[in-house]
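These notes are about the structure you will find just below.
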Amino acid sequence: MSDVIRLVAVRDAPLSVGEVFDAVGDPAAGGTAVFVGTVRDHDHARAVSRLSYSAHPTVERELRAVMEKVAADFPVKALAAVHRVGDLEIGDLAVVVAASCAHRGEAFDACRRLIDDLKAQVPIWKHQTFADGGDEWVGAC
C-alpha cells in the first residue's frame, strides 16, 4: 500500500499544487481529485489578519497513517498530501491533497476522506489572529 503514497510532507515553505498533482500521476488513473486549502480573511464572521500553523513532531508519521487508511479503503492509484506550518498570509496555500483512481467518483471520495481525516486526526494546530485584536487556537485533532 505504501507504493501508492507518493508524497507526504509538512513544510514551512510555500506549497505547490503542481508538485502534488504531479505526484499522483499514474497511467492507470482516469480521475484525479485535488483539494487546495487556502488561508481566508475571516472565520465565524470575524476578520482574520494572520494565522500560524504548528505541528507535533510526529506529524508526518500521523499523516502517513491517515493516508494508509485511505489507501486501504479506496481503490487509489496514488495519494499525496502536503501541509504548511509557520506564519501564513491571507491567500497562502495551507494544505494540498490529491488522490488518483481509475474513475472520477472514487478519486473524489478518496480525496474528500483524505482531507477530512487529515483535519480530524493529524496533530496540526492553527493559531488565528483577528483584526479586532483577539486570537484563538484551533486544533485540527
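Chain identifiers are assigned as A, B, and so on, following the order in which chains appear in the C-alpha cells; residues are numbered from 1 within each chain, and ligands are numbered from 1 in order of appearance.
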Asp116 in chain A: which residues within 12 Å, counting only C-alpha atoms, same-chain residues fewer than 2 positions away excluded, as a ChimeraX atom specification?
-> /A:35,37,63,66-67,70,95,97,109-114,118-122,140-141
Output of the above residues as a short mmCIF file (atom, residue, chain, number, x, y, z; two decimals), in the first residue's frame, restricted to all heavy atoms:
data_model
loop_
_atom_site.label_atom_id
_atom_site.label_comp_id
_atom_site.auth_asym_id
_atom_site.auth_seq_id
_atom_site.Cartn_x
_atom_site.Cartn_y
_atom_site.Cartn_z
N PHE A 35 -7.54 18.79 -3.70
CA PHE A 35 -8.13 19.78 -2.80
C PHE A 35 -7.04 20.73 -2.37
O PHE A 35 -5.95 20.31 -1.97
CB PHE A 35 -8.75 19.13 -1.55
CG PHE A 35 -9.19 20.17 -0.56
CD1 PHE A 35 -10.41 20.82 -0.72
CD2 PHE A 35 -8.37 20.53 0.50
CE1 PHE A 35 -10.80 21.80 0.17
CE2 PHE A 35 -8.76 21.52 1.39
CZ PHE A 35 -9.98 22.16 1.23
N GLY A 37 -6.47 23.94 0.22
CA GLY A 37 -6.97 24.76 1.31
C GLY A 37 -6.15 26.03 1.41
O GLY A 37 -4.92 25.97 1.46
N LEU A 63 0.26 11.64 9.51
CA LEU A 63 -0.30 11.90 8.19
C LEU A 63 -0.21 10.65 7.32
O LEU A 63 -1.16 10.28 6.63
CB LEU A 63 0.39 13.09 7.53
CG LEU A 63 -0.05 13.46 6.12
CD1 LEU A 63 -1.56 13.65 6.02
CD2 LEU A 63 0.68 14.72 5.67
N VAL A 66 -2.92 8.17 8.24
CA VAL A 66 -4.21 8.55 7.65
C VAL A 66 -4.24 8.15 6.18
O VAL A 66 -5.23 7.58 5.70
CB VAL A 66 -4.44 10.08 7.81
CG1 VAL A 66 -5.53 10.58 6.88
CG2 VAL A 66 -4.78 10.40 9.26
N MET A 67 -3.17 8.40 5.48
CA MET A 67 -3.10 8.07 4.06
C MET A 67 -3.16 6.56 3.83
O MET A 67 -3.79 6.09 2.88
CB MET A 67 -1.85 8.69 3.44
CG MET A 67 -1.89 10.22 3.47
SD MET A 67 -0.35 10.98 2.95
CE MET A 67 -0.53 10.84 1.16
N VAL A 70 -6.77 5.56 4.03
CA VAL A 70 -7.48 5.93 2.80
C VAL A 70 -7.14 4.93 1.69
O VAL A 70 -8.02 4.47 0.96
CB VAL A 70 -7.16 7.38 2.38
CG1 VAL A 70 -7.73 7.69 1.01
CG2 VAL A 70 -7.70 8.36 3.41
N VAL A 95 -2.81 23.75 2.71
CA VAL A 95 -2.78 22.30 2.52
C VAL A 95 -3.16 21.98 1.09
O VAL A 95 -4.02 22.64 0.50
CB VAL A 95 -3.72 21.59 3.53
CG1 VAL A 95 -5.16 22.04 3.36
CG2 VAL A 95 -3.60 20.08 3.47
N VAL A 97 -3.96 18.30 -1.04
CA VAL A 97 -4.03 16.84 -1.07
C VAL A 97 -4.59 16.40 -2.42
O VAL A 97 -5.32 17.14 -3.06
CB VAL A 97 -4.89 16.26 0.08
CG1 VAL A 97 -4.35 16.69 1.43
CG2 VAL A 97 -6.35 16.64 -0.05
N ASP A 109 -14.12 10.75 -3.81
CA ASP A 109 -14.38 10.18 -2.49
C ASP A 109 -13.09 10.02 -1.69
O ASP A 109 -13.05 10.34 -0.49
CB ASP A 109 -15.09 8.83 -2.61
CG ASP A 109 -16.51 8.95 -3.17
OD1 ASP A 109 -17.06 10.08 -3.20
OD2 ASP A 109 -17.05 7.91 -3.61
N ALA A 110 -12.05 9.51 -2.32
CA ALA A 110 -10.78 9.31 -1.62
C ALA A 110 -10.16 10.63 -1.21
O ALA A 110 -9.63 10.77 -0.10
CB ALA A 110 -9.81 8.51 -2.50
N CYS A 111 -10.23 11.63 -2.08
CA CYS A 111 -9.66 12.94 -1.78
C CYS A 111 -10.41 13.58 -0.61
O CYS A 111 -9.79 14.14 0.30
CB CYS A 111 -9.70 13.82 -3.02
SG CYS A 111 -8.80 15.37 -2.83
N ARG A 112 -11.72 13.49 -0.64
CA ARG A 112 -12.51 14.05 0.46
C ARG A 112 -12.17 13.37 1.78
O ARG A 112 -12.01 14.03 2.81
CB ARG A 112 -14.00 13.96 0.17
CG ARG A 112 -14.81 14.57 1.30
CD ARG A 112 -16.30 14.60 1.02
NE ARG A 112 -16.92 15.37 2.06
CZ ARG A 112 -17.40 16.60 1.88
NH1 ARG A 112 -17.35 17.16 0.72
NH2 ARG A 112 -17.94 17.24 2.89
N ARG A 113 -12.09 12.06 1.78
CA ARG A 113 -11.74 11.34 3.00
C ARG A 113 -10.35 11.75 3.48
O ARG A 113 -10.12 11.95 4.67
CB ARG A 113 -11.80 9.84 2.77
CG ARG A 113 -11.19 9.01 3.91
CD ARG A 113 -12.05 8.91 5.17
NE ARG A 113 -13.18 8.07 4.91
CZ ARG A 113 -13.12 6.72 4.87
NH1 ARG A 113 -11.98 6.09 5.06
NH2 ARG A 113 -14.20 6.05 4.62
N LEU A 114 -9.42 11.90 2.55
CA LEU A 114 -8.06 12.28 2.91
C LEU A 114 -8.04 13.63 3.63
O LEU A 114 -7.45 13.76 4.71
CB LEU A 114 -7.15 12.29 1.68
CG LEU A 114 -5.71 12.72 1.89
CD1 LEU A 114 -5.03 11.93 2.99
CD2 LEU A 114 -4.95 12.58 0.57
N LEU A 118 -7.37 14.04 7.62
CA LEU A 118 -6.21 14.86 7.96
C LEU A 118 -6.62 15.91 9.00
O LEU A 118 -5.99 16.05 10.04
CB LEU A 118 -5.65 15.51 6.71
CG LEU A 118 -4.38 16.37 6.82
CD1 LEU A 118 -3.72 16.50 5.47
CD2 LEU A 118 -4.63 17.74 7.40
N LYS A 119 -7.70 16.63 8.71
CA LYS A 119 -8.15 17.69 9.61
C LYS A 119 -8.56 17.13 10.98
O LYS A 119 -8.37 17.79 12.00
CB LYS A 119 -9.34 18.44 9.00
CG LYS A 119 -9.02 19.17 7.72
CD LYS A 119 -8.29 20.46 7.94
CE LYS A 119 -9.22 21.49 8.52
NZ LYS A 119 -8.56 22.74 8.84
N ALA A 120 -9.12 15.93 11.01
CA ALA A 120 -9.62 15.36 12.26
C ALA A 120 -8.55 14.63 13.07
O ALA A 120 -8.67 14.56 14.30
CB ALA A 120 -10.77 14.40 11.95
N GLN A 121 -7.51 14.11 12.42
CA GLN A 121 -6.61 13.20 13.12
C GLN A 121 -5.13 13.60 13.16
O GLN A 121 -4.39 13.08 13.99
CB GLN A 121 -6.71 11.81 12.49
CG GLN A 121 -8.10 11.23 12.58
CD GLN A 121 -8.23 9.94 11.79
OE1 GLN A 121 -7.29 9.18 11.66
NE2 GLN A 121 -9.41 9.70 11.24
N VAL A 122 -4.71 14.45 12.28
CA VAL A 122 -3.28 14.79 12.21
C VAL A 122 -2.99 15.95 13.15
O VAL A 122 -3.71 16.96 13.13
CB VAL A 122 -2.87 15.10 10.75
CG1 VAL A 122 -1.41 15.51 10.68
CG2 VAL A 122 -3.12 13.88 9.87
N ALA A 140 -6.61 20.83 14.93
CA ALA A 140 -7.04 20.01 13.82
C ALA A 140 -7.43 18.62 14.29
O ALA A 140 -8.06 17.88 13.58
CB ALA A 140 -5.93 19.92 12.76
N CYS A 141 -7.02 18.28 15.49
CA CYS A 141 -7.43 16.97 16.03
C CYS A 141 -7.54 17.06 17.53
O CYS A 141 -7.19 18.03 18.13
CB CYS A 141 -6.44 15.89 15.62
SG CYS A 141 -4.78 16.12 16.25
#
May I have all residues of range 12-76 of chain A that DSSP, computed from the backbone, assigns to strand (DSSP E), given as a list in words?
->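 Matching residues for strand (DSSP E) in range 12-76 of chain A are Gly31, Thr32, Ala33, Val34, Phe35, Val36, Gly37, Thr38, His42, Asp43, Arg46, Ala47, Val48, Ser49, Arg50, Leu51, Ser52, Tyr53, Ser54, Ala55 and Val76 of chain A.
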Take the residues from that selection and write them out as a PDB file, in the first residue's frame, keeping N, CA, C and O atoms.
ATOM      1  N   GLY A  31      -9.118   9.390 -13.189  1.00  0.00           N
ATOM      2  CA  GLY A  31      -9.611  10.532 -12.447  1.00  0.00           C
ATOM      3  C   GLY A  31      -8.624  10.955 -11.383  1.00  0.00           C
ATOM      4  O   GLY A  31      -8.049  10.114 -10.690  1.00  0.00           O
ATOM      5  N   THR A  32      -8.422  12.246 -11.270  1.00  0.00           N
ATOM      6  CA  THR A  32      -7.573  12.814 -10.225  1.00  0.00           C
ATOM      7  C   THR A  32      -8.338  13.938  -9.565  1.00  0.00           C
ATOM      8  O   THR A  32      -8.846  14.833 -10.248  1.00  0.00           O
ATOM      9  N   ALA A  33      -8.432  13.887  -8.248  1.00  0.00           N
ATOM     10  CA  ALA A  33      -9.081  14.946  -7.486  1.00  0.00           C
ATOM     11  C   ALA A  33      -8.036  15.623  -6.618  1.00  0.00           C
ATOM     12  O   ALA A  33      -7.223  14.952  -5.972  1.00  0.00           O
ATOM     13  N   VAL A  34      -8.056  16.952  -6.621  1.00  0.00           N
ATOM     14  CA  VAL A  34      -7.107  17.749  -5.834  1.00  0.00           C
ATOM     15  C   VAL A  34      -7.918  18.700  -4.968  1.00  0.00           C
ATOM     16  O   VAL A  34      -8.844  19.350  -5.443  1.00  0.00           O
ATOM     17  N   PHE A  35      -7.543  18.786  -3.698  1.00  0.00           N
ATOM     18  CA  PHE A  35      -8.133  19.778  -2.800  1.00  0.00           C
ATOM     19  C   PHE A  35      -7.042  20.735  -2.369  1.00  0.00           C
ATOM     20  O   PHE A  35      -5.954  20.306  -1.969  1.00  0.00           O
ATOM     21  N   VAL A  36      -7.350  22.030  -2.448  1.00  0.00           N
ATOM     22  CA  VAL A  36      -6.408  23.075  -2.046  1.00  0.00           C
ATOM     23  C   VAL A  36      -7.075  23.906  -0.959  1.00  0.00           C
ATOM     24  O   VAL A  36      -8.142  24.496  -1.195  1.00  0.00           O
ATOM     25  N   GLY A  37      -6.473  23.936   0.224  1.00  0.00           N
ATOM     26  CA  GLY A  37      -6.974  24.761   1.315  1.00  0.00           C
ATOM     27  C   GLY A  37      -6.155  26.026   1.411  1.00  0.00           C
ATOM     28  O   GLY A  37      -4.924  25.968   1.457  1.00  0.00           O
ATOM     29  N   THR A  38      -6.830  27.169   1.413  1.00  0.00           N
ATOM     30  CA  THR A  38      -6.143  28.456   1.474  1.00  0.00           C
ATOM     31  C   THR A  38      -6.523  29.209   2.738  1.00  0.00           C
ATOM     32  O   THR A  38      -7.571  28.966   3.339  1.00  0.00           O
ATOM     33  N   HIS A  42     -11.484  35.536   6.958  1.00  0.00           N
ATOM     34  CA  HIS A  42     -12.499  35.570   8.009  1.00  0.00           C
ATOM     35  C   HIS A  42     -12.712  34.174   8.579  1.00  0.00           C
ATOM     36  O   HIS A  42     -12.392  33.167   7.930  1.00  0.00           O
ATOM     37  N   ASP A  43     -13.248  34.122   9.780  1.00  0.00           N
ATOM     38  CA  ASP A  43     -13.661  32.863  10.388  1.00  0.00           C
ATOM     39  C   ASP A  43     -14.774  33.182  11.374  1.00  0.00           C
ATOM     40  O   ASP A  43     -14.611  34.055  12.240  1.00  0.00           O
ATOM     41  N   ARG A  46     -15.665  36.836  11.846  1.00  0.00           N
ATOM     42  CA  ARG A  46     -14.618  37.717  12.373  1.00  0.00           C
ATOM     43  C   ARG A  46     -13.519  37.821  11.329  1.00  0.00           C
ATOM     44  O   ARG A  46     -13.124  36.822  10.727  1.00  0.00           O
ATOM     45  N   ALA A  47     -13.003  39.019  11.153  1.00  0.00           N
ATOM     46  CA  ALA A  47     -11.923  39.242  10.189  1.00  0.00           C
ATOM     47  C   ALA A  47     -10.619  38.665  10.732  1.00  0.00           C
ATOM     48  O   ALA A  47     -10.227  38.937  11.865  1.00  0.00           O
ATOM     49  N   VAL A  48      -9.971  37.847   9.917  1.00  0.00           N
ATOM     50  CA  VAL A  48      -8.685  37.252  10.279  1.00  0.00           C
ATOM     51  C   VAL A  48      -7.578  38.097   9.663  1.00  0.00           C
ATOM     52  O   VAL A  48      -7.606  38.390   8.469  1.00  0.00           O
ATOM     53  N   SER A  49      -6.604  38.470  10.468  1.00  0.00           N
ATOM     54  CA  SER A  49      -5.494  39.272   9.945  1.00  0.00           C
ATOM     55  C   SER A  49      -4.271  38.416   9.646  1.00  0.00           C
ATOM     56  O   SER A  49      -3.487  38.748   8.765  1.00  0.00           O
ATOM     57  N   ARG A  50      -4.108  37.315  10.365  1.00  0.00           N
ATOM     58  CA  ARG A  50      -2.996  36.403  10.094  1.00  0.00           C
ATOM     59  C   ARG A  50      -3.222  35.091  10.817  1.00  0.00           C
ATOM     60  O   ARG A  50      -4.050  35.001  11.709  1.00  0.00           O
ATOM     61  N   LEU A  51      -2.450  34.099  10.435  1.00  0.00           N
ATOM     62  CA  LEU A  51      -2.503  32.850  11.173  1.00  0.00           C
ATOM     63  C   LEU A  51      -1.193  32.101  11.064  1.00  0.00           C
ATOM     64  O   LEU A  51      -0.359  32.384  10.194  1.00  0.00           O
ATOM     65  N   SER A  52      -1.046  31.173  11.975  1.00  0.00           N
ATOM     66  CA  SER A  52       0.166  30.364  12.034  1.00  0.00           C
ATOM     67  C   SER A  52      -0.239  28.928  12.341  1.00  0.00           C
ATOM     68  O   SER A  52      -1.150  28.692  13.131  1.00  0.00           O
ATOM     69  N   TYR A  53       0.424  27.993  11.684  1.00  0.00           N
ATOM     70  CA  TYR A  53       0.207  26.577  11.962  1.00  0.00           C
ATOM     71  C   TYR A  53       1.424  26.017  12.671  1.00  0.00           C
ATOM     72  O   TYR A  53       2.566  26.355  12.333  1.00  0.00           O
ATOM     73  N   SER A  54       1.179  25.143  13.639  1.00  0.00           N
ATOM     74  CA  SER A  54       2.261  24.404  14.282  1.00  0.00           C
ATOM     75  C   SER A  54       1.866  22.931  14.292  1.00  0.00           C
ATOM     76  O   SER A  54       0.691  22.591  14.152  1.00  0.00           O
ATOM     77  N   ALA A  55       2.863  22.080  14.441  1.00  0.00           N
ATOM     78  CA  ALA A  55       2.609  20.641  14.358  1.00  0.00           C
ATOM     79  C   ALA A  55       3.440  19.886  15.383  1.00  0.00           C
ATOM     80  O   ALA A  55       4.533  20.319  15.767  1.00  0.00           O
ATOM     81  N   VAL A  76      -7.273   3.467  -4.711  1.00  0.00           N
ATOM     82  CA  VAL A  76      -6.437   4.562  -5.208  1.00  0.00           C
ATOM     83  C   VAL A  76      -5.236   4.029  -5.981  1.00  0.00           C
ATOM     84  O   VAL A  76      -4.697   2.962  -5.673  1.00  0.00           O
TER      85      VAL A  76
END
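With only C-alpha atoms as the atoms that count, the minimum distance from Phe21 in chain A to the choices A:Ala131, A:His83, A:Asp41, A:Ala78 is reached by A:Ala78.
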Please, which residues of chain A, numbered as in this document, come out helix (DSSP H, G or I) from DSSP, as a PDB file with C-alpha atoms, in the first residue's frame?
ATOM      1  CA  SER A   2       2.845   2.392   0.707  1.00  0.00           C
ATOM      2  CA  ASP A   3       3.700   2.398  -3.004  1.00  0.00           C
ATOM      3  CA  VAL A   4       0.526   4.421  -3.664  1.00  0.00           C
ATOM      4  CA  VAL A  17      -0.352  22.448  -6.390  1.00  0.00           C
ATOM      5  CA  GLY A  18       1.684  21.265  -9.368  1.00  0.00           C
ATOM      6  CA  GLU A  19       4.019  19.212  -7.188  1.00  0.00           C
ATOM      7  CA  VAL A  20       1.100  17.423  -5.548  1.00  0.00           C
ATOM      8  CA  PHE A  21      -0.740  16.895  -8.838  1.00  0.00           C
ATOM      9  CA  ASP A  22       2.400  15.522 -10.478  1.00  0.00           C
ATOM     10  CA  ALA A  23       2.999  13.163  -7.548  1.00  0.00           C
ATOM     11  CA  VAL A  59       3.030  14.872  12.265  1.00  0.00           C
ATOM     12  CA  GLU A  60       4.378  13.157   9.146  1.00  0.00           C
ATOM     13  CA  ARG A  61       4.022   9.708  10.705  1.00  0.00           C
ATOM     14  CA  GLU A  62       0.419  10.505  11.647  1.00  0.00           C
ATOM     15  CA  LEU A  63      -0.305  11.899   8.188  1.00  0.00           C
ATOM     16  CA  ARG A  64       1.088   8.739   6.593  1.00  0.00           C
ATOM     17  CA  ALA A  65      -1.152   6.607   8.848  1.00  0.00           C
ATOM     18  CA  VAL A  66      -4.207   8.553   7.652  1.00  0.00           C
ATOM     19  CA  MET A  67      -3.103   8.072   4.059  1.00  0.00           C
ATOM     20  CA  GLU A  68      -2.567   4.332   4.581  1.00  0.00           C
ATOM     21  CA  LYS A  69      -6.148   4.042   5.841  1.00  0.00           C
ATOM     22  CA  VAL A  70      -7.481   5.928   2.800  1.00  0.00           C
ATOM     23  CA  ALA A  71      -5.425   3.634   0.547  1.00  0.00           C
ATOM     24  CA  ALA A  72      -6.908   0.591   2.312  1.00  0.00           C
ATOM     25  CA  ASP A  73     -10.485   1.869   1.971  1.00  0.00           C
ATOM     26  CA  ARG A 104     -13.541  10.121 -11.032  1.00  0.00           C
ATOM     27  CA  GLY A 105     -16.085   9.182  -8.350  1.00  0.00           C
ATOM     28  CA  GLU A 106     -13.522   7.119  -6.492  1.00  0.00           C
ATOM     29  CA  ALA A 107     -10.987   9.928  -6.785  1.00  0.00           C
ATOM     30  CA  PHE A 108     -13.436  12.490  -5.367  1.00  0.00           C
ATOM     31  CA  ASP A 109     -14.381  10.180  -2.487  1.00  0.00           C
ATOM     32  CA  ALA A 110     -10.782   9.306  -1.620  1.00  0.00           C
ATOM     33  CA  CYS A 111      -9.662  12.938  -1.776  1.00  0.00           C
ATOM     34  CA  ARG A 112     -12.512  14.053   0.462  1.00  0.00           C
ATOM     35  CA  ARG A 113     -11.739  11.338   3.005  1.00  0.00           C
ATOM     36  CA  LEU A 114      -8.059  12.280   2.914  1.00  0.00           C
ATOM     37  CA  ILE A 115      -8.640  15.958   3.727  1.00  0.00           C
ATOM     38  CA  ASP A 116     -11.391  15.233   6.268  1.00  0.00           C
ATOM     39  CA  ASP A 117      -9.300  12.655   8.139  1.00  0.00           C
ATOM     40  CA  LEU A 118      -6.205  14.856   7.959  1.00  0.00           C
ATOM     41  CA  LYS A 119      -8.155  17.692   9.615  1.00  0.00           C
ATOM     42  CA  ALA A 120      -9.619  15.359  12.258  1.00  0.00           C
ATOM     43  CA  GLN A 121      -6.606  13.203  13.125  1.00  0.00           C
TER      44      GLN A 121
END
Among the residues A:Ala99, A:Val138, A:Phe74, A:Glu89, the one that comes closest to Leu7 in chain A [using only C-alpha atoms] = A:Ala99
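Distance annotation: of A:His44, A:Val39, A:Ile5, A:Arg11, the residue with the minimal separation from Glu136 in chain A is A:His44; atom set is only C-alpha atoms.
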Write out as an mmCIF file with N, CA, C and O atoms, in the first residue's frame each polymer residue whose atoms come within 6 Å of Arg84 in chain A, counting only C-alpha atoms; drop sequence neighbours fewer than 5 positions from it.
data_model
loop_
_atom_site.group_PDB
_atom_site.id
_atom_site.type_symbol
_atom_site.label_atom_id
_atom_site.label_comp_id
_atom_site.auth_asym_id
_atom_site.auth_seq_id
_atom_site.Cartn_x
_atom_site.Cartn_y
_atom_site.Cartn_z
ATOM 1 N N VAL A 10 5.198 17.936 5.575
ATOM 2 C CA VAL A 10 4.765 19.096 6.345
ATOM 3 C C VAL A 10 5.941 20.045 6.301
ATOM 4 O O VAL A 10 7.042 19.686 6.708
ATOM 5 N N ARG A 11 5.724 21.251 5.762
ATOM 6 C CA ARG A 11 6.827 22.168 5.480
ATOM 7 C C ARG A 11 6.534 23.588 5.915
ATOM 8 O O ARG A 11 5.383 23.997 5.953
ATOM 9 N N ASP A 12 7.609 24.342 6.099
ATOM 10 C CA ASP A 12 7.463 25.764 6.406
ATOM 11 C C ASP A 12 7.683 26.634 5.168
ATOM 12 O O ASP A 12 7.763 27.849 5.272
ATOM 13 N N ALA A 94 -2.467 26.490 2.488
ATOM 14 C CA ALA A 94 -2.213 25.857 3.779
ATOM 15 C C ALA A 94 -2.062 24.350 3.641
ATOM 16 O O ALA A 94 -1.283 23.726 4.367
#
Looking at only C-alpha atoms, which of A:Ala13, A:Val8, A:Ile90, A:Val85 is the one that sits closest to Thr129 in chain A?
->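 Answer, going by the shortest atom-to-atom distance: A:Ile90.
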Among the residues A:Ala29, A:Asp87, A:His56, A:Ala98, the one that comes closest to Pro75 in chain A [using only C-alpha atoms] =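 Using only C-alpha atoms, the shortest distance to Pro75 in chain A belongs to A:Ala29.
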Could you work out how far CA of Ile124 in chain A lies from CA of Leu79 in chain A, giving the answer in Å with one decimal?
->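 Separation of CA of Leu79 in chain A and CA of Ile124 in chain A: 19.4 Å.
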